[in-house]
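Coordinates as given in input-v3.pdb (PDB, C-alpha atoms):
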```pdb
ATOM      1  CA  MET A   1    -196.928-200.699 -55.136
ATOM      2  CA  ARG A   2    -195.360-199.964 -51.770
ATOM      3  CA  ALA A   3    -196.205-196.534 -50.352
ATOM      4  CA  THR A   4    -193.302-194.132 -50.037
ATOM      5  CA  LEU A   5    -192.808-192.993 -46.475
ATOM      6  CA  THR A   6    -191.761-189.412 -45.779
ATOM      7  CA  LYS A   7    -188.646-189.385 -43.670
ATOM      8  CA  PRO A   8    -188.984-187.124 -40.620
ATOM      9  CA  ARG A   9    -186.496-184.296 -40.078
ATOM     10  CA  MET A  10    -183.403-185.753 -38.493
ATOM     11  CA  GLY A  11    -183.595-185.893 -34.730
ATOM     12  CA  SER A  12    -186.348-183.312 -34.413
ATOM     13  CA  ARG A  13    -188.753-185.803 -32.803
ATOM     14  CA  GLY A  14    -191.501-183.402 -33.832
ATOM     15  CA  LYS A  15    -190.219-180.742 -31.423
ATOM     16  CA  PRO A  16    -187.670-178.704 -33.365
ATOM     17  CA  GLU A  17    -188.033-175.559 -31.221
ATOM     18  CA  ALA A  18    -187.568-177.522 -28.000
ATOM     19  CA  SER A  19    -184.459-179.220 -29.399
ATOM     20  CA  ARG A  20    -182.972-175.929 -30.545
ATOM     21  CA  ALA A  21    -183.729-174.280 -27.193
ATOM     22  CA  ALA A  22    -182.089-177.150 -25.307
ATOM     23  CA  ILE A  23    -178.955-176.821 -27.425
ATOM     24  CA  LEU A  24    -178.809-173.056 -26.830
ATOM     25  CA  GLU A  25    -179.272-173.456 -23.092
ATOM     26  CA  ALA A  26    -176.479-176.012 -22.962
ATOM     27  CA  ALA A  27    -174.279-173.789 -25.123
ATOM     28  CA  VAL A  28    -174.750-170.844 -22.760
ATOM     29  CA  LYS A  29    -173.350-172.960 -19.912
ATOM     30  CA  GLU A  30    -170.454-174.309 -21.962
ATOM     31  CA  PHE A  31    -169.413-170.965 -23.478
ATOM     32  CA  SER A  32    -169.728-169.141 -20.150
ATOM     33  CA  ARG A  33    -167.439-171.671 -18.506
ATOM     34  CA  GLU A  34    -164.926-172.480 -21.247
ATOM     35  CA  GLY A  35    -165.043-169.507 -23.623
ATOM     36  CA  VAL A  36    -165.292-169.872 -27.381
ATOM     37  CA  ALA A  37    -161.915-171.531 -27.870
ATOM     38  CA  GLY A  38    -162.356-174.052 -25.069
ATOM     39  CA  ALA A  39    -166.022-174.908 -25.631
ATOM     40  CA  ARG A  40    -166.657-178.366 -27.122
ATOM     41  CA  THR A  41    -169.668-179.160 -29.251
ATOM     42  CA  ASP A  42    -169.778-182.753 -28.009
ATOM     43  CA  ALA A  43    -170.064-181.449 -24.435
ATOM     44  CA  ILE A  44    -172.890-179.121 -25.518
ATOM     45  CA  ALA A  45    -174.688-181.966 -27.287
ATOM     46  CA  ALA A  46    -174.348-184.225 -24.243
ATOM     47  CA  ARG A  47    -175.657-181.533 -21.893
ATOM     48  CA  ALA A  48    -178.598-180.892 -24.237
ATOM     49  CA  HIS A  49    -179.304-184.656 -24.493
ATOM     50  CA  VAL A  50    -179.019-184.639 -28.279
ATOM     51  CA  ASN A  51    -176.490-186.153 -30.668
ATOM     52  CA  LYS A  52    -173.906-184.047 -32.469
ATOM     53  CA  ALA A  53    -175.630-184.641 -35.799
ATOM     54  CA  LEU A  54    -178.710-182.865 -34.476
ATOM     55  CA  LEU A  55    -176.615-179.992 -33.118
ATOM     56  CA  TYR A  56    -175.057-179.501 -36.541
ATOM     57  CA  TYR A  57    -178.474-179.796 -38.132
ATOM     58  CA  TYR A  58    -179.513-176.595 -36.341
ATOM     59  CA  PHE A  59    -176.120-174.872 -36.244
ATOM     60  CA  LYS A  60    -173.616-175.552 -39.012
ATOM     61  CA  ASP A  61    -170.546-175.044 -36.796
ATOM     62  CA  LYS A  62    -169.415-173.806 -33.389
ATOM     63  CA  GLU A  63    -169.129-170.189 -34.544
ATOM     64  CA  THR A  64    -172.714-170.202 -35.795
ATOM     65  CA  LEU A  65    -173.860-171.642 -32.462
ATOM     66  CA  TYR A  66    -171.871-169.001 -30.578
ATOM     67  CA  GLY A  67    -173.475-166.266 -32.658
ATOM     68  CA  ALA A  68    -176.904-167.659 -31.786
ATOM     69  CA  VAL A  69    -175.960-167.646 -28.089
ATOM     70  CA  LEU A  70    -174.951-163.987 -28.334
ATOM     71  CA  ASP A  71    -178.301-163.181 -29.951
ATOM     72  CA  ARG A  72    -180.057-165.002 -27.120
ATOM     73  CA  VAL A  73    -178.106-163.025 -24.510
ATOM     74  CA  PHE A  74    -178.382-159.571 -26.060
ATOM     75  CA  GLY A  75    -181.728-160.046 -27.769
ATOM     76  CA  GLY A  76    -183.401-161.018 -24.516
ATOM     77  CA  LEU A  77    -181.876-158.081 -22.672
ATOM     78  CA  THR A  78    -182.825-155.619 -25.385
ATOM     79  CA  THR A  79    -186.420-156.809 -25.408
ATOM     80  CA  ALA A  80    -186.659-156.493 -21.616
ATOM     81  CA  VAL A  81    -185.178-153.011 -21.268
ATOM     82  CA  MET A  82    -186.525-151.442 -24.466
ATOM     83  CA  GLU A  83    -190.058-152.195 -23.319
ATOM     84  CA  VAL A  84    -189.348-150.119 -20.212
ATOM     85  CA  LEU A  85    -187.690-147.302 -22.148
ATOM     86  CA  GLU A  86    -190.742-147.028 -24.395
ATOM     87  CA  ARG A  87    -193.062-146.376 -21.443
ATOM     88  CA  ASP A  88    -194.592-142.939 -20.934
ATOM     89  CA  LEU A  89    -192.848-142.126 -17.640
ATOM     90  CA  PRO A  90    -191.011-139.114 -16.200
ATOM     91  CA  PRO A  91    -187.225-139.412 -16.685
ATOM     92  CA  GLN A  92    -186.519-140.209 -13.016
ATOM     93  CA  GLU A  93    -188.995-143.066 -12.924
ATOM     94  CA  LYS A  94    -187.905-144.342 -16.321
ATOM     95  CA  ILE A  95    -184.172-144.496 -15.571
ATOM     96  CA  LEU A  96    -184.842-146.422 -12.352
ATOM     97  CA  ALA A  97    -187.282-148.735 -14.134
ATOM     98  CA  TYR A  98    -184.631-149.361 -16.794
ATOM     99  CA  ALA A  99    -181.937-150.127 -14.209
ATOM    100  CA  GLY A 100    -184.318-152.427 -12.348
ATOM    101  CA  ALA A 101    -185.275-154.280 -15.518
ATOM    102  CA  HIS A 102    -181.625-154.672 -16.522
ATOM    103  CA  PHE A 103    -180.717-155.970 -13.066
ATOM    104  CA  ASP A 104    -183.660-158.387 -12.999
ATOM    105  CA  TYR A 105    -182.769-159.774 -16.415
ATOM    106  CA  ILE A 106    -179.184-160.506 -15.355
ATOM    107  CA  ALA A 107    -180.389-161.948 -12.036
ATOM    108  CA  ARG A 108    -182.532-164.413 -14.000
ATOM    109  CA  ASN A 109    -179.582-165.235 -16.284
ATOM    110  CA  PRO A 110    -176.432-164.930 -14.121
ATOM    111  CA  LEU A 111    -174.184-166.733 -16.638
ATOM    112  CA  TYR A 112    -174.762-164.102 -19.327
ATOM    113  CA  PRO A 113    -172.227-161.511 -18.050
ATOM    114  CA  ARG A 114    -169.419-164.061 -18.347
ATOM    115  CA  ILE A 115    -170.251-164.541 -22.021
ATOM    116  CA  VAL A 116    -170.363-160.785 -22.571
ATOM    117  CA  GLN A 117    -167.041-160.334 -20.797
ATOM    118  CA  GLY A 118    -165.440-163.078 -22.865
ATOM    119  CA  GLU A 119    -166.669-161.531 -26.105
ATOM    120  CA  MET A 120    -165.337-158.098 -25.184
ATOM    121  CA  MET A 121    -161.956-159.534 -24.214
ATOM    122  CA  GLY A 122    -161.834-161.344 -27.544
ATOM    123  CA  THR A 123    -162.442-158.063 -29.326
ATOM    124  CA  GLY A 124    -159.403-156.611 -27.592
ATOM    125  CA  ARG A 125    -157.309-159.414 -29.082
ATOM    126  CA  GLY A 126    -158.460-158.491 -32.569
ATOM    127  CA  SER A 127    -161.438-160.837 -32.955
ATOM    128  CA  ALA A 128    -164.370-158.624 -33.987
ATOM    129  CA  HIS A 129    -166.398-161.101 -36.025
ATOM    130  CA  HIS A 130    -169.421-161.032 -33.727
ATOM    131  CA  ILE A 131    -169.026-157.887 -31.670
ATOM    132  CA  GLU A 132    -169.408-155.484 -34.593
ATOM    133  CA  ARG A 133    -172.826-156.954 -35.375
ATOM    134  CA  ILE A 134    -173.787-157.022 -31.695
ATOM    135  CA  VAL A 135    -172.831-153.376 -31.256
ATOM    136  CA  LYS A 136    -174.860-152.252 -34.259
ATOM    137  CA  GLN A 137    -177.853-154.466 -33.562
ATOM    138  CA  TYR A 138    -178.126-154.145 -29.791
ATOM    139  CA  PHE A 139    -175.678-151.729 -28.134
ATOM    140  CA  GLN A 140    -176.156-148.660 -30.305
ATOM    141  CA  PRO A 141    -179.983-148.563 -30.110
ATOM    142  CA  LEU A 142    -179.868-148.965 -26.325
ATOM    143  CA  PHE A 143    -177.144-146.341 -25.904
ATOM    144  CA  SER A 144    -179.100-143.907 -28.072
ATOM    145  CA  LYS A 145    -182.271-144.423 -26.023
ATOM    146  CA  LEU A 146    -180.455-143.919 -22.740
ATOM    147  CA  ALA A 147    -178.594-140.859 -24.025
ATOM    148  CA  ALA A 148    -181.890-139.325 -25.166
ATOM    149  CA  LEU A 149    -183.391-140.043 -21.741
ATOM    150  CA  LEU A 150    -180.469-138.303 -20.033
ATOM    151  CA  ARG A 151    -180.907-135.259 -22.271
ATOM    152  CA  GLU A 152    -184.634-135.171 -21.529
ATOM    153  CA  GLY A 153    -184.033-135.329 -17.793
ATOM    154  CA  GLU A 154    -181.406-132.590 -17.978
ATOM    155  CA  ALA A 155    -183.675-130.365 -20.050
ATOM    156  CA  ASN A 156    -186.567-130.496 -17.592
ATOM    157  CA  GLY A 157    -184.376-130.154 -14.519
ATOM    158  CA  GLU A 158    -184.766-133.699 -13.166
ATOM    159  CA  PHE A 159    -181.165-134.783 -13.853
ATOM    160  CA  ARG A 160    -177.794-133.263 -13.193
ATOM    161  CA  GLN A 161    -175.767-132.621 -16.326
ATOM    162  CA  VAL A 162    -173.731-135.738 -17.057
ATOM    163  CA  GLU A 163    -171.800-137.060 -20.030
ATOM    164  CA  ALA A 164    -173.657-139.998 -21.562
ATOM    165  CA  PHE A 165    -170.327-141.348 -22.825
ATOM    166  CA  HIS A 166    -169.211-141.889 -19.219
ATOM    167  CA  PHE A 167    -172.438-142.227 -17.247
ATOM    168  CA  ILE A 168    -174.095-144.982 -19.291
ATOM    169  CA  PRO A 169    -171.210-147.505 -19.170
ATOM    170  CA  SER A 170    -170.689-146.704 -15.484
ATOM    171  CA  MET A 171    -174.350-147.390 -14.748
ATOM    172  CA  ILE A 172    -174.303-150.665 -16.687
ATOM    173  CA  ALA A 173    -171.047-151.738 -15.039
ATOM    174  CA  MET A 174    -172.578-151.167 -11.614
ATOM    175  CA  ILE A 175    -175.400-153.549 -12.573
ATOM    176  CA  VAL A 176    -173.345-156.223 -14.319
ATOM    177  CA  PHE A 177    -170.067-156.371 -12.372
ATOM    178  CA  TYR A 178    -171.822-157.697  -9.283
ATOM    179  CA  PHE A 179    -172.665-160.859 -11.201
ATOM    180  CA  THR A 180    -169.254-161.338 -12.828
ATOM    181  CA  SER A 181    -167.573-160.938  -9.440
ATOM    182  CA  ALA A 182    -170.009-163.263  -7.628
ATOM    183  CA  PRO A 183    -167.648-166.297  -7.562
ATOM    184  CA  VAL A 184    -164.872-164.199  -5.985
ATOM    185  CA  MET A 185    -167.246-162.585  -3.487
ATOM    186  CA  ARG A 186    -168.517-166.049  -2.517
ATOM    187  CA  ILE A 187    -164.967-167.176  -1.692
ATOM    188  CA  MET A 188    -164.026-163.924   0.035
ATOM    189  CA  THR A 189    -167.109-163.541   2.224
ATOM    190  CA  GLY A 190    -168.490-167.058   2.540
ATOM    191  CA  SER A 191    -171.905-165.740   1.432
ATOM    192  CA  ASP A 192    -173.699-166.451  -1.828
ATOM    193  CA  PRO A 193    -174.144-163.113  -3.668
ATOM    194  CA  LEU A 194    -176.947-164.670  -5.703
ATOM    195  CA  ASN A 195    -179.182-165.583  -2.793
ATOM    196  CA  PRO A 196    -182.527-163.746  -2.930
ATOM    197  CA  GLN A 197    -181.912-161.411   0.013
ATOM    198  CA  LEU A 198    -178.480-160.238  -1.163
ATOM    199  CA  LEU A 199    -179.833-159.787  -4.693
ATOM    200  CA  ALA A 200    -182.666-157.639  -3.357
ATOM    201  CA  ASP A 201    -180.204-155.596  -1.266
ATOM    202  CA  ARG A 202    -177.931-155.104  -4.265
ATOM    203  CA  ARG A 203    -180.826-154.048  -6.499
ATOM    204  CA  THR A 204    -181.916-151.423  -3.971
ATOM    205  CA  MET A 205    -178.343-150.145  -3.656
ATOM    206  CA  VAL A 206    -177.962-149.828  -7.441
ATOM    207  CA  LEU A 207    -181.123-147.727  -7.663
ATOM    208  CA  ASP A 208    -180.049-145.617  -4.688
ATOM    209  CA  ILE A 209    -176.628-144.896  -6.216
ATOM    210  CA  ILE A 210    -178.128-143.932  -9.571
ATOM    211  CA  SER A 211    -180.555-141.610  -7.792
ATOM    212  CA  ALA A 212    -177.797-139.992  -5.732
ATOM    213  CA  ALA A 213    -175.507-139.545  -8.722
ATOM    214  CA  LEU A 214    -178.063-138.299 -11.230
ATOM    215  CA  PHE A 215    -181.166-136.766  -9.657
ATOM    216  CA  ARG A 216    -181.478-133.075  -8.828
ATOM    217  CA  HIS A 217    -184.379-133.556  -6.416
ATOM    218  CA  ASN A 218    -186.210-136.303  -4.545
ATOM    219  CA  PRO A 219    -186.403-139.509  -6.656
ATOM    220  CA  PRO A 220    -189.438-141.785  -6.874
ATOM    221  CA  GLU A 221    -189.603-144.574  -4.303
ATOM    222  CA  ALA A 222    -187.202-147.285  -5.469
ATOM    223  CA  GLY A 223    -189.594-149.997  -4.352
ATOM    224  CA  GLY A 224    -192.159-148.861  -6.894
ATOM    225  CA  THR A 225    -189.896-149.117  -9.919
ATOM    226  CA  ARG A 226    -189.793-152.857 -10.427
ATOM    227  CA  PRO A 227    -191.046-153.453 -13.984
TER     228      PRO A 227
END
```
Spit out the file's structure as structure tokens when you get a sec.
Amino acid sequence: MRATLTKPRMGSRGKPEASRAAILEAAVKEFSREGVAGARTDAIAARAHVNKALLYYYFKDKETLYGAVLDRVFGGLTTAVMEVLERDLPPQEKILAYAGAHFDYIARNPLYPRIVQGEMMGTGRGSAHHIERIVKQYFQPLFSKLAALLREGEANGEFRQVEAFHFIPSMIAMIVFYFTSAPVMRIMTGSDPLNPQLLADRRTMVLDIISAALFRHNPPEAGGTRP
């Protein structure tokens, strides 16, 4: 009697996590460039060097893949900055460490802000399928942590009194907008905003501005806050 062979999982080649990661990486590039409506799954599959059948094996449709990309973007950021916000540090040091960690994460993943911007613009047009989950899962916990940190710093005299509702989005915008505007700045100035020296200069400026806007007395050395 002929032995029955077990058929391997389609296209996994024994490396399912590597295949899934390659698809997500390719999807980040496609969604950041084309948006959700313009992104094509065959282009994502080609960039990931897999066939479309394998893509749909891991992600049942484009919306599911887009949701996974959003989790990759926001999940990675949340992990990076929450680790800093859980540290036992004085408020001044902690807020600068947070801002540095947030900046460093975006610097390592400069396409992410374009995806975030596209999702927020889609929400304004009435599409809230993903953003409601993202807000509850990622935004609200981070906002609550930062608001609590601001209250702590105000209470012990380290911070000026500020409204979390206004200060937190302004601080995040100062970090993120640099990366979303990089293509325009490249054309306007002839310099690459993402080169290491300009990134380092921008990071220092972000920390300096936060210190000047928020601190009541001398801040910690910015150079010592890199997580």
> List as JSON, numbers by chain: which residues have an atom within 8 Å of (-186.9, -145.7, -25.5), counting only C-alpha atoms?
Replying inline: {"A": [82, 83, 84, 85, 86, 87, 142, 145, 146, 149]}
>> When you look at A:Ala80 with a cut-off of 8 Å (counting all atoms listed in the file), what residues show up, excluding the ones that are within fewer than 6 positions of it in the same chain? I need them as a PyMOL selection string.
In response: chain A and resi 101-102+105
>> Residues near A:Phe31, anyone? I mean within 9 Å using all atoms listed in the file, not counting same-chain ones fewer than 5 positions away, as a PyMOL selection string.
In response: chain A and resi 26+36-40+66+69+114-115+118
>> I'd like the neighbourhood of A:Leu198 as a PyMOL selection string, where a residue qualifies if any of its atoms comes within 12 Å (using only C-alpha atoms), though same-chain residues fewer than 2 positions away should be ignored.
In response: chain A and resi 107+178-179+182+185-186+191-196+200-205
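Of the listed residues A:Gly75, A:Pro141, A:Pro110, A:Pro90, the one whose atoms come nearest to A:Gly153 is A:Pro90, with distances taken using only C-alpha atoms.
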I need the residue set behind the PyMOL selection byres ((chain A and resi 163-171) around 10) for this file; please write it as a PDB file with C-alpha atoms, in the coordinates of the input.
```
ATOM      1  CA  ALA A  99    -181.937-150.127 -14.209  1.00  0.00           C
ATOM      2  CA  LEU A 142    -179.868-148.965 -26.325  1.00  0.00           C
ATOM      3  CA  PHE A 143    -177.144-146.341 -25.904  1.00  0.00           C
ATOM      4  CA  SER A 144    -179.100-143.907 -28.072  1.00  0.00           C
ATOM      5  CA  LEU A 146    -180.455-143.919 -22.740  1.00  0.00           C
ATOM      6  CA  ALA A 147    -178.594-140.859 -24.025  1.00  0.00           C
ATOM      7  CA  ALA A 148    -181.890-139.325 -25.166  1.00  0.00           C
ATOM      8  CA  LEU A 149    -183.391-140.043 -21.741  1.00  0.00           C
ATOM      9  CA  LEU A 150    -180.469-138.303 -20.033  1.00  0.00           C
ATOM     10  CA  ARG A 151    -180.907-135.259 -22.271  1.00  0.00           C
ATOM     11  CA  ARG A 160    -177.794-133.263 -13.193  1.00  0.00           C
ATOM     12  CA  GLN A 161    -175.767-132.621 -16.326  1.00  0.00           C
ATOM     13  CA  VAL A 162    -173.731-135.738 -17.057  1.00  0.00           C
ATOM     14  CA  ILE A 172    -174.303-150.665 -16.687  1.00  0.00           C
ATOM     15  CA  ALA A 173    -171.047-151.738 -15.039  1.00  0.00           C
ATOM     16  CA  MET A 174    -172.578-151.167 -11.614  1.00  0.00           C
ATOM     17  CA  ILE A 175    -175.400-153.549 -12.573  1.00  0.00           C
ATOM     18  CA  VAL A 176    -173.345-156.223 -14.319  1.00  0.00           C
ATOM     19  CA  VAL A 206    -177.962-149.828  -7.441  1.00  0.00           C
ATOM     20  CA  LEU A 207    -181.123-147.727  -7.663  1.00  0.00           C
ATOM     21  CA  ILE A 209    -176.628-144.896  -6.216  1.00  0.00           C
ATOM     22  CA  ILE A 210    -178.128-143.932  -9.571  1.00  0.00           C
ATOM     23  CA  ALA A 213    -175.507-139.545  -8.722  1.00  0.00           C
ATOM     24  CA  LEU A 214    -178.063-138.299 -11.230  1.00  0.00           C
TER      25      LEU A 214
END
```
Which residues are close to A:Leu24, i.e. within 10 Å by all atoms listed in the file, leaving aside same-chain residues fewer than 6 positions away? Reply as a CSV table (one decimal) with C-alpha atoms, in the coordinates of the input.
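And here's around-v9.csv as it stands now:
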```
chain,number,residue,atom,x,y,z
A,18,ALA,CA,-187.6,-177.5,-28.0
A,30,GLU,CA,-170.5,-174.3,-22.0
A,44,ILE,CA,-172.9,-179.1,-25.5
A,45,ALA,CA,-174.7,-182.0,-27.3
A,48,ALA,CA,-178.6,-180.9,-24.2
A,55,LEU,CA,-176.6,-180.0,-33.1
A,59,PHE,CA,-176.1,-174.9,-36.2
A,65,LEU,CA,-173.9,-171.6,-32.5
A,66,TYR,CA,-171.9,-169.0,-30.6
A,68,ALA,CA,-176.9,-167.7,-31.8
A,69,VAL,CA,-176.0,-167.6,-28.1
A,70,LEU,CA,-175.0,-164.0,-28.3
A,72,ARG,CA,-180.1,-165.0,-27.1
```
Could you write out as lines of an AutoDock Vina configuration file the box around stretch 21-32 of chain A (axis-aligned, all atoms listed in the file, 4 Å on each side), with centre and edge lengths in Å to one decimal?
```
center_x = -176.6
center_y = -173.1
center_z = -23.7
size_x = 22.3
size_y = 16.0
size_z = 15.5
```
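In this structure, atom CA of A:Gly35 sits 18.0 Å away from atom CA of A:Phe177.
Distance annotation: of A:Tyr138, A:Gly190, A:Pro183, A:Ile131, the residue with the minimal separation from A:Gly67 is A:Ile131; atom set is only C-alpha atoms.
Straight-line separation from atom CA of A:Phe139 to atom CA of A:Asp71: 11.9 Å.
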